[in-house]
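Asks: One structure follows; several queries about it will come next.
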Number of protein chains: 2
Amino acid sequence: MAKNLTTRGEDYSKWYNELVIQADLAENSGVRGCMVIKPYGYAIWEKMQAELDRMFKETGHQNAYFPIFIPKSYFSKEASHVDGFAKECAVVTHYRLKNAEDGSGIIVDPDAKLEEELIVRPTSETIIWDTYRKWIQSYRDLPLLINQWANVVRWEMRTRLFLRTTEFLWQEGHTAHATKKEAIAEAEQMMNVYAEFVENYMAVPVIKGTKTESERFAGALETYCIEALMQDGKALQAGTSHFLGQNFAKAFDVKYATKEGKQEYVWATSWGVSTRLMGALVMTHSDDNGLVLPPKLAPDQVVIVPIYRGEEQLEEVSVVARELQKELRAKGLRVKFDDRDTQKPGWKFNEYELKGVPVRIAIGPKDLEKGTFEVARRDTLQKEVMDKGVVVDKIVALMDEIQDNLYNRALNYRSEHTTEVSSYDEFKEIIDTKGGFVSAHWDGTTETEERIKNETKATIRCIPIDVKQEEGSCMVTGKPSSYRVLFAKAY
Amino acid sequence: MAKNLTTRGEDYSKWYNELVIQADLAENSGVRGCMVIKPYGYAIWEKMQAELDRMFKETGHQNAYFPIFIPKSYFSKEASHVDGFAKECAVVTHYRLKNAEDGSGIIVDPDAKLEEELIVRPTSETIIWDTYRKWIQSYRDLPLLINQWANVVRWEMRTRLFLRTTEFLWQEGHTAHATKKEAIAEAEQMMNVYAEFVENYMAVPVIKGTKTESERFAGALETYCIEALMQDGKALQAGTSHFLGQNFAKAFDVKYATKEGKQEYVWATSWGVSTRLMGALVMTHSDDNGLVLPPKLAPDQVVIVPIYRGEEQLEEVSVVARELQKELRAKGLRVKFDDRDTQKPGWKFNEYELKGVPVRIAIGPKDLEKGTFEVARRDTLQKEVMDKGVVVDKIVALMDEIQDNLYNRALNYRSEHTTEVSSYDEFKEIIDTKGGFVSAHWDGTTETEERIKNETKATIRCIPIDVKQEEGSCMVTGKPSSYRVLFAKAY
């Protein structure tokens with residue numbers, strides 16, 4: 001077990017916080033609610049970015065960059081949006097500091113007050129749609145498929161590393177279409193892209209679905225989402241994709257000339273995932289020994305640790321280690337050889353366990369004699385001695401095995417923690433004890449949804465895309481219901 | 001000539017502004033001084049980022065991410081730094097908006113005033129060094145080699161797309177070292193990395209040098225720079241790398257334990273390039289017809305335009321065009337086939353000339369008969385008919401030829417616009433008429449430097465790294481001088 005790491009059983013929340021810091025993913029900064037993403041954490045985020053960016057481009061999107069500041073008045077243009085986003089935010093009111101006349105330091109210069117306050121973007125629909133008005137004239141300009149990688153700021157009262165921070169990194173796609181049908185197809189496509197990424201790269205199974213009205217993005221007609229389940233039985237929204245109808249087009253007067261020469265408002269989507277995914281990655285796979293990373297996103301997929309006494313042995317072991325590193329790299333693997341003499345092998349073993357490196361290979365003098373390697377999997381903590389002749393192929397195969405095992409383990413956990421209930425009492429018991437997703441009939445009203453939330457802290461995570469028609473009655477009001485929805489407590 | 005594009009001869013500055021907008025690189029936004037980087041411009045920036053990032057990693061650096069906000073008090077900790085950076089900046093004073101009671105819209109909530117104002121980072125030395133105090137304890141933690149890709153904000157009064165904007169994108173490297181020697185070596189290394197990138201990828205020749213005391217970065221003991229020359233004879237600082245001594249380590253109390261157990265302050269560097277490089281790229285190579293892009297950074301290196309009448313011809317031409325596209329792509333080239341039927345070939349020729357695509361290939365019915373292609377180079381505007389059998393190899397070779405030609409053309413321009421002068425009268429005449437770099441003797445005092453700046457608007461761009469010792473006397477004061485420095489008017 002990792003030194004000083006609280007176990008999941010003791011306190012899941014504390015385990016998470018400690019792990020993120022001890023594994024060098026991120027830490028709190030001197031600025032309230034803002035985190036520092038450390039090099040190891042950022043290396044994982046970069047791998048996520050690279051795959052997502054590739055997937056966005058393969059589906060026809062281009063990157064662009066819009067200003068970080070949004071004039072206050074822009075927010076007032078879309079009524080529901082302002083309530084959702086412009087309230088808890090960072091407001092720039094001045095553009096200059098000066099030395100205080102009493103010598104007490106630097107102060108805000110009262111003469112440098114902005115005519116209109118600027119909001120540090122919490123999301124960019126308003127500034128982007130203000131720009132799209134200039135970019136869109138005719139059907140030839142559509143569809144407009146743009147993505148932005150950016151930082152955004154939401155003034156959160158209670159923050160947690162990666163899961164909820166005042167500033168976070170994300171991507172936000174903003175698209176414009178000639179027809180409603182195309183815009184809906186785009187929003188659905190991006191939900192599917194997100195699901196593919198999260199399942200295939202992060203090894204995190206997700207439920208695809210739509211949000212209820214009260215859980216929708218401010219300004220959206222439909223919010224598509226992917227929902228994952230963490231090891232403490234709480235759900236985490238891993239990505240959202242919104243069909244925005246013509247709300248922003250109307251608010252910012254974005255029309256296009258059809259082939260027939262008519263002027264029509266365009267149809268919009270927006271979609272995003274953020275550094276929150278880092279939290280989902282940590283909480284889905286990691287254990288009491290530390291991080292467990294899926295091979296596809298691990299900065300180092302394999303680490304080789306030499307076991308030796310004295311410099312001569314180190315040199316002998318290093319020759320074999322470097323040869324193995326070379327062979328594995330030739331197969332496309334990311335392989336580190338840690339030959340530092342400032343740390344002992346035991347310390348290194350703990351370190352790479354804590355950091356979640358998928359495969360650790362130890363090589364000592366005995367291995368040299370026998371032509372073997374001691375190979376340890378991070379996911380199962382199992383060790384196996386492998387012969388020289390097969391080690392490379394076996395380790396290459398291990399990458400897929402570990403990736404699949406992590407996914408399947410998480411899928412099993414989710415299956416075991418998804419419960420169909422038929423009464424509100426049963427619902428409350430499951431939510432309070434076992435947790436996980438609870439599938440139940442609901443009467444479709446915001447009122448009942450609110451009541452359930454107030455009484456149990458569980459929310460409707462989504463109406464699954466593949467929901468089956470099933471006649472039933474709402475577990476709370478007894479009113480008729482024709483399908484089940486998924487509830488859970490959530491991050 | 002491109003439609004509606006002012007020529008360089010008429011008004012260089014206007015030509016630049018129009019070109020950036022017409023070529024879809026960037027445009028002004030609704031937020032004062034902030035630009036929107038459009039997809040075509042961003043695609044070029046992404047290519048720059050990818051190469052720079054690779055070069056940073058190859059020299060041992062890791063990426064990380066630090067908060068966008070910096071508490072006001074952090075700036076006061078390094079005396080010279082505060083004067084340089086904390087004055088013209090965006091100040092966040094409040095964290096909430098609310099609906100005005102009189103229904104007039106949303107206003108800043110006076111109850112949500114921050115205890116300490118936050119500055120939107122103009123550069124990140126202070127927040128990063130506040131963090132490094134926690135990361136550095138012992139010599140084992142050194143060197144610490146970190147880079148950050150980020151947006152920064154400096155409240156500029158006069159802004160120009162890419163060259164000077166309130167918000168811009170950049171990378172900032174921040175490193176910590178055990179010794180002064182290592183830190184200086186790092187600062188020099190990064191100047192060399194920048195020079196390599198700008199010369200080899202942007203095809204822009206640069207002069208490497210150091211800044212005079214008055215032109216140094218606020219808080220630096222030495223600023224290394226690379227200086228390029230634009231087609232209007234003005235210099236542009238394309239990148240800087242700073243040796244910061246122990247200034248920030250002392251300001252933020254960052255010490256390390258040496259091998260012998262002594263506590264010492266660490267030595268620092270910082271270095272950065274920004275979206276300003278986009279401005280340098282445009283101004284160095286482009287002409288009165290539009291952009292001219294070096295093949296290594298062009299989003300599309302080759303564009304194929306079909307010439308046809310009617311759908312049947314289009315289909316015949318397309319078969320050949322797609323085959324050529326495939327063959328060129330197999331050679332690693334980025335090739336676009338523009339078969340849109342909404343635009344005429346002439347329109348497309350102008351469009352790709354404006355966008356600076358290095359090579360344009362036209363294929364018409366006559367070419368099909370003869371087995372030929374009409375190949376046009378963007379850099380020289382020369383056309384050549386190439387036979388099917390050689391076209392692929394010739395175009396692959398053209399990529400290097402064009403890249404080299406752009407570099408050599410810029411180098412020739414610079415050679416022709418670098419003048420050695422021996423008197424102040426001669427200096428003033430050259431600066432006022434021919435422009436370019438002027439190499440002159442200077443007495444080494446800030447006073448004389450200031451006087452020259454006030455009288456001629458020329459500044460000392462740098463003391464070249466490869467400066468020759470040469471006894472002389474200052475062109476202004478006649479005092480002894482032992483080497484020449486480079487002057488120019490600058491962006």
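Here's how to read the names in the structure tokens: chain A, B, ... by the order shown, residue numbers from 1 in each chain, ligand numbers from 1 in the order shown.
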Find the spatial neighbours of B:Tyr194, counting only C-alpha atoms, within a cut-off of 10 Å - ignore same-chain residues fewer than 2 positions away - and output them as a count of residues only.
Replies: 24
Asks: Name the residues of stretch 269-412 of chain A that fall into alpha helix (DSSP H) according to DSSP on the backbone, using the chain letters and numbers of this document, as number ranges by chain.
Replies: A: 276-285, 310-330, 345-354, 365-370, 388-412
Asks: Write down as a list in words the residues belonging to stretch 236-303 of chain A that are assigned strand (DSSP E or B) by DSSP computed on the backbone.
Replies: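 Output for stretch 236-303 of chain A, strand (DSSP E or B) only: Leu236, Gln237, Ala238, Gly239, Thr240, Ser241, His242, Phe243, Leu244, Gly245, Lys255, Tyr256, Ala257, Gln263, Glu264, Tyr265, Trp267, Ala268, Thr269, Ser270, Trp271, Gly272, Val273, Ser274, Asp287, Gly290, Val302 and Val303 of chain A.
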Asks: Now that the selection is made, can you save its residues with N, CA, C and O atoms as a compact mmCIF listing (two decimals), in the first residue's frame?
Replies:
```
# COMPACT_ATOMS: atom_id res chain seq x y z
N LEU A 236 -20.69 10.56 -12.63
CA LEU A 236 -19.96 11.74 -13.07
C LEU A 236 -20.29 12.00 -14.54
O LEU A 236 -20.15 11.12 -15.37
N GLN A 237 -20.78 13.21 -14.80
CA GLN A 237 -21.07 13.63 -16.17
C GLN A 237 -19.74 13.90 -16.86
O GLN A 237 -19.00 14.77 -16.45
N ALA A 238 -19.48 13.11 -17.91
CA ALA A 238 -18.14 13.15 -18.50
C ALA A 238 -18.07 14.03 -19.74
O ALA A 238 -16.98 14.36 -20.20
N GLY A 239 -19.22 14.39 -20.29
CA GLY A 239 -19.21 15.23 -21.49
C GLY A 239 -20.63 15.56 -21.87
O GLY A 239 -21.55 14.78 -21.59
N THR A 240 -20.84 16.73 -22.47
CA THR A 240 -22.18 17.10 -22.90
C THR A 240 -22.13 17.71 -24.30
O THR A 240 -21.14 18.31 -24.70
N SER A 241 -23.23 17.53 -25.00
CA SER A 241 -23.36 18.05 -26.36
C SER A 241 -24.77 18.61 -26.46
O SER A 241 -25.75 17.92 -26.16
N HIS A 242 -24.87 19.89 -26.87
CA HIS A 242 -26.17 20.57 -26.81
C HIS A 242 -26.71 20.92 -28.17
O HIS A 242 -25.99 21.45 -29.03
N PHE A 243 -27.98 20.64 -28.35
CA PHE A 243 -28.71 21.17 -29.50
C PHE A 243 -29.34 22.47 -29.03
O PHE A 243 -30.17 22.48 -28.12
N LEU A 244 -28.88 23.58 -29.63
CA LEU A 244 -29.27 24.90 -29.12
C LEU A 244 -30.43 25.52 -29.90
O LEU A 244 -30.80 26.67 -29.64
N GLY A 245 -30.97 24.78 -30.86
CA GLY A 245 -32.06 25.34 -31.66
C GLY A 245 -31.61 26.60 -32.38
O GLY A 245 -30.49 26.68 -32.88
N LYS A 255 -28.33 35.05 -39.61
CA LYS A 255 -29.19 34.50 -40.65
C LYS A 255 -28.35 34.10 -41.85
O LYS A 255 -27.25 34.61 -42.04
N TYR A 256 -28.92 33.21 -42.67
CA TYR A 256 -28.23 32.86 -43.91
C TYR A 256 -29.24 32.88 -45.06
O TYR A 256 -30.44 32.71 -44.86
N ALA A 257 -28.71 33.14 -46.27
CA ALA A 257 -29.55 33.10 -47.45
C ALA A 257 -29.62 31.66 -47.95
O ALA A 257 -28.58 31.03 -48.18
N GLN A 263 -34.09 34.42 -46.33
CA GLN A 263 -33.27 34.61 -45.13
C GLN A 263 -33.81 33.74 -43.99
O GLN A 263 -34.98 33.84 -43.63
N GLU A 264 -32.94 32.88 -43.44
CA GLU A 264 -33.36 32.01 -42.34
C GLU A 264 -32.35 32.09 -41.19
O GLU A 264 -31.14 32.26 -41.44
N TYR A 265 -32.81 31.91 -39.96
CA TYR A 265 -31.89 31.78 -38.83
C TYR A 265 -31.20 30.42 -38.91
O TYR A 265 -31.81 29.44 -39.32
N TRP A 267 -29.17 27.03 -37.25
CA TRP A 267 -29.36 26.12 -36.13
C TRP A 267 -28.01 25.82 -35.50
O TRP A 267 -27.02 25.69 -36.22
N ALA A 268 -28.00 25.67 -34.19
CA ALA A 268 -26.71 25.62 -33.49
C ALA A 268 -26.53 24.40 -32.60
O ALA A 268 -27.50 23.82 -32.10
N THR A 269 -25.24 24.05 -32.38
CA THR A 269 -24.89 23.10 -31.33
C THR A 269 -23.68 23.64 -30.58
O THR A 269 -22.95 24.49 -31.10
N SER A 270 -23.49 23.15 -29.37
CA SER A 270 -22.21 23.33 -28.69
C SER A 270 -21.94 22.08 -27.87
O SER A 270 -22.88 21.38 -27.51
N TRP A 271 -20.68 21.80 -27.64
CA TRP A 271 -20.31 20.54 -26.96
C TRP A 271 -18.94 20.69 -26.32
O TRP A 271 -18.07 21.40 -26.84
N GLY A 272 -18.76 20.04 -25.18
CA GLY A 272 -17.49 20.23 -24.47
C GLY A 272 -17.13 19.11 -23.52
O GLY A 272 -18.00 18.45 -22.96
N VAL A 273 -15.83 18.91 -23.38
CA VAL A 273 -15.30 18.11 -22.29
C VAL A 273 -14.15 18.89 -21.68
O VAL A 273 -13.57 19.76 -22.33
N SER A 274 -13.83 18.59 -20.44
CA SER A 274 -12.86 19.41 -19.72
C SER A 274 -11.87 18.56 -18.94
O SER A 274 -11.92 17.33 -18.96
N ASP A 287 -6.52 2.58 -7.20
CA ASP A 287 -6.76 1.75 -6.02
C ASP A 287 -6.00 2.29 -4.82
O ASP A 287 -5.44 3.38 -4.88
N GLY A 290 -2.52 3.55 -5.33
CA GLY A 290 -2.24 4.74 -6.14
C GLY A 290 -3.00 4.73 -7.45
O GLY A 290 -4.01 4.04 -7.59
N VAL A 302 5.56 1.55 -19.80
CA VAL A 302 6.42 0.54 -19.20
C VAL A 302 7.57 1.26 -18.51
O VAL A 302 8.12 2.21 -19.05
N VAL A 303 7.91 0.79 -17.29
CA VAL A 303 9.12 1.32 -16.66
C VAL A 303 10.02 0.14 -16.33
O VAL A 303 9.56 -0.92 -15.89
```
Asks: Near chain B, which residues of chain A fall within 7 Å when you count only C-alpha atoms, and what do they look like as an MDAnalysis selection string?
Replies: chainID A and resid 31 34:39 42 62:67 69:71 86:98 155
Asks: Mind giving me the straight-line distance from atom CA of A:Arg360 to atom CA of A:Leu381 in Å, one decimal?
Replies: 10.0 Å
Asks: Could you give me, as a list in words, the residues within 9 Å of stretch 313-318 of chain A, counting only C-alpha atoms and dropping anything in the same chain fewer than 2 positions from it?
Replies: Pro306, Ile307, Tyr308, Arg309, Gly310, Glu311, Val320, Ala321, Arg322, Glu323, Phe337, Asp339, Ile363, Gly364, Pro365, Asp367 and Leu368 of chain A
Asks: At what distance in Å, to one decimal, does atom CA of A:Pro358 lie from atom CA of A:Glu227?
Replies: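 According to the coordinates, atom CA of A:Glu227 and atom CA of A:Pro358 are separated by 25.2 Å.
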Asks: Which polymer residues have any atom within 12 Å of an atom of B:Glu450, counting only C-alpha atoms, with same-chain residues fewer than 5 positions away left out, as a compact mmCIF listing (two decimals) with all heavy atoms, in the first residue's frame?
Replies:
```
# COMPACT_ATOMS: atom_id res chain seq x y z
N THR B 212 20.30 45.45 -24.68
CA THR B 212 20.97 46.40 -23.78
C THR B 212 20.15 46.45 -22.48
O THR B 212 19.01 45.98 -22.43
CB THR B 212 21.00 47.81 -24.38
OG1 THR B 212 19.65 48.22 -24.62
CG2 THR B 212 21.77 47.83 -25.68
N GLU B 213 20.74 47.02 -21.47
CA GLU B 213 20.10 47.05 -20.15
C GLU B 213 18.70 47.62 -20.21
O GLU B 213 17.77 47.09 -19.63
CB GLU B 213 20.96 47.87 -19.18
CG GLU B 213 20.55 47.64 -17.73
CD GLU B 213 21.35 48.53 -16.78
OE1 GLU B 213 22.46 48.96 -17.17
OE2 GLU B 213 20.84 48.80 -15.67
N SER B 214 18.53 48.70 -20.97
CA SER B 214 17.22 49.36 -20.97
C SER B 214 16.16 48.58 -21.74
O SER B 214 14.97 48.81 -21.57
CB SER B 214 17.34 50.78 -21.56
OG SER B 214 17.68 50.68 -22.92
N GLU B 215 16.57 47.66 -22.58
CA GLU B 215 15.62 46.88 -23.36
C GLU B 215 15.37 45.50 -22.76
O GLU B 215 14.60 44.71 -23.31
CB GLU B 215 16.12 46.71 -24.81
CG GLU B 215 16.24 48.01 -25.59
CD GLU B 215 14.91 48.48 -26.20
OE1 GLU B 215 14.01 47.65 -26.40
OE2 GLU B 215 14.78 49.70 -26.46
N TRP B 442 28.56 52.64 -30.43
CA TRP B 442 27.75 53.30 -29.41
C TRP B 442 28.55 53.25 -28.11
O TRP B 442 29.27 52.28 -27.87
CB TRP B 442 26.41 52.54 -29.31
CG TRP B 442 25.66 52.67 -28.03
CD1 TRP B 442 25.05 53.79 -27.54
CD2 TRP B 442 25.37 51.63 -27.08
NE1 TRP B 442 24.41 53.51 -26.36
CE2 TRP B 442 24.59 52.19 -26.05
CE3 TRP B 442 25.70 50.26 -26.99
CZ2 TRP B 442 24.13 51.44 -24.95
CZ3 TRP B 442 25.25 49.53 -25.91
CH2 TRP B 442 24.47 50.13 -24.90
N ASP B 443 28.40 54.28 -27.30
CA ASP B 443 29.28 54.37 -26.12
C ASP B 443 28.85 53.51 -24.94
O ASP B 443 29.48 53.53 -23.88
CB ASP B 443 29.44 55.85 -25.71
CG ASP B 443 28.13 56.46 -25.22
OD1 ASP B 443 27.17 55.69 -24.94
OD2 ASP B 443 28.06 57.70 -25.12
N GLY B 444 27.77 52.75 -25.10
CA GLY B 444 27.39 51.81 -24.04
C GLY B 444 26.52 52.41 -22.95
O GLY B 444 26.14 51.71 -22.01
N THR B 445 26.17 53.70 -23.06
CA THR B 445 25.35 54.31 -22.01
C THR B 445 23.87 54.35 -22.39
O THR B 445 23.51 54.49 -23.56
CB THR B 445 25.78 55.77 -21.71
OG1 THR B 445 25.43 56.58 -22.85
CG2 THR B 445 27.27 55.86 -21.43
N GLU B 455 15.55 60.93 -30.95
CA GLU B 455 15.81 61.72 -32.15
C GLU B 455 15.48 60.99 -33.45
O GLU B 455 15.18 61.62 -34.46
CB GLU B 455 17.28 62.19 -32.17
CG GLU B 455 17.53 63.24 -31.08
CD GLU B 455 19.00 63.64 -30.97
OE1 GLU B 455 19.85 63.05 -31.68
OE2 GLU B 455 19.31 64.52 -30.16
N THR B 456 15.55 59.64 -33.41
CA THR B 456 15.39 58.90 -34.68
C THR B 456 14.33 57.81 -34.64
O THR B 456 14.04 57.20 -35.66
CB THR B 456 16.72 58.21 -35.06
OG1 THR B 456 16.95 57.16 -34.10
CG2 THR B 456 17.89 59.17 -35.05
N LYS B 457 13.79 57.52 -33.46
CA LYS B 457 12.87 56.39 -33.27
C LYS B 457 13.53 55.03 -33.45
O LYS B 457 12.86 54.00 -33.41
CB LYS B 457 11.65 56.51 -34.19
CG LYS B 457 10.72 57.64 -33.77
CD LYS B 457 9.45 57.66 -34.57
CE LYS B 457 8.59 58.86 -34.22
NZ LYS B 457 7.82 59.36 -35.37
N ALA B 458 14.84 55.02 -33.68
CA ALA B 458 15.54 53.74 -33.79
C ALA B 458 16.02 53.29 -32.41
O ALA B 458 16.41 54.12 -31.59
CB ALA B 458 16.72 53.86 -34.74
N THR B 459 15.94 51.99 -32.18
CA THR B 459 16.41 51.44 -30.90
C THR B 459 17.50 50.43 -31.19
O THR B 459 17.64 49.94 -32.31
CB THR B 459 15.26 50.74 -30.16
OG1 THR B 459 14.62 49.84 -31.06
CG2 THR B 459 14.24 51.74 -29.65
N ILE B 460 18.26 50.12 -30.14
CA ILE B 460 19.27 49.07 -30.30
C ILE B 460 18.53 47.75 -30.25
O ILE B 460 17.94 47.38 -29.23
CB ILE B 460 20.33 49.15 -29.19
CG1 ILE B 460 21.02 50.52 -29.23
CG2 ILE B 460 21.34 48.00 -29.34
CD1 ILE B 460 22.07 50.73 -28.16
N VAL B 476 27.59 59.18 -31.71
CA VAL B 476 26.94 60.36 -31.13
C VAL B 476 27.88 61.15 -30.23
O VAL B 476 28.08 62.34 -30.41
CB VAL B 476 25.67 59.96 -30.33
CG1 VAL B 476 25.03 61.19 -29.68
CG2 VAL B 476 24.68 59.23 -31.22
```
Asks: How far is it from atom CA of A:Thr477 to atom CA of A:Thr418, in Å with one decimal?
Replies: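 Between atom CA of A:Thr477 and atom CA of A:Thr418 the gap works out to 22.5 Å.
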Asks: In terms of the shortest atom-to-atom distance over only C-alpha atoms, which of B:Lys296, B:Glu353, B:Tyr407, B:Ser138 is closest to B:Glu260?
Replies: B:Ser138
Asks: Between A:Asn17, A:Thr123, A:Gln403, A:Asn247, single out the one closest to A:Ala298, counting only C-alpha atoms.
Replies: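 Comparing A:Asn17, A:Thr123, A:Gln403, A:Asn247 against A:Ala298, the winner is A:Gln403.
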Asks: Choose the residue, out of A:Gln231, A:Gln49, A:Thr419, A:Gln246, that has the smallest atom-to-atom separation from A:Ala440; count only C-alpha atoms.
Replies: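 Of A:Gln231, A:Gln49, A:Thr419, A:Gln246, the one nearest A:Ala440, counting only C-alpha atoms, is A:Thr419.
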Asks: Using only C-alpha atoms, which of the listed residues (B:Glu351, B:Thr258, B:Glu471, B:Trp149) sits closest to B:His177?
Replies: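 Distance minimum relative to B:His177 lands on B:Thr258.
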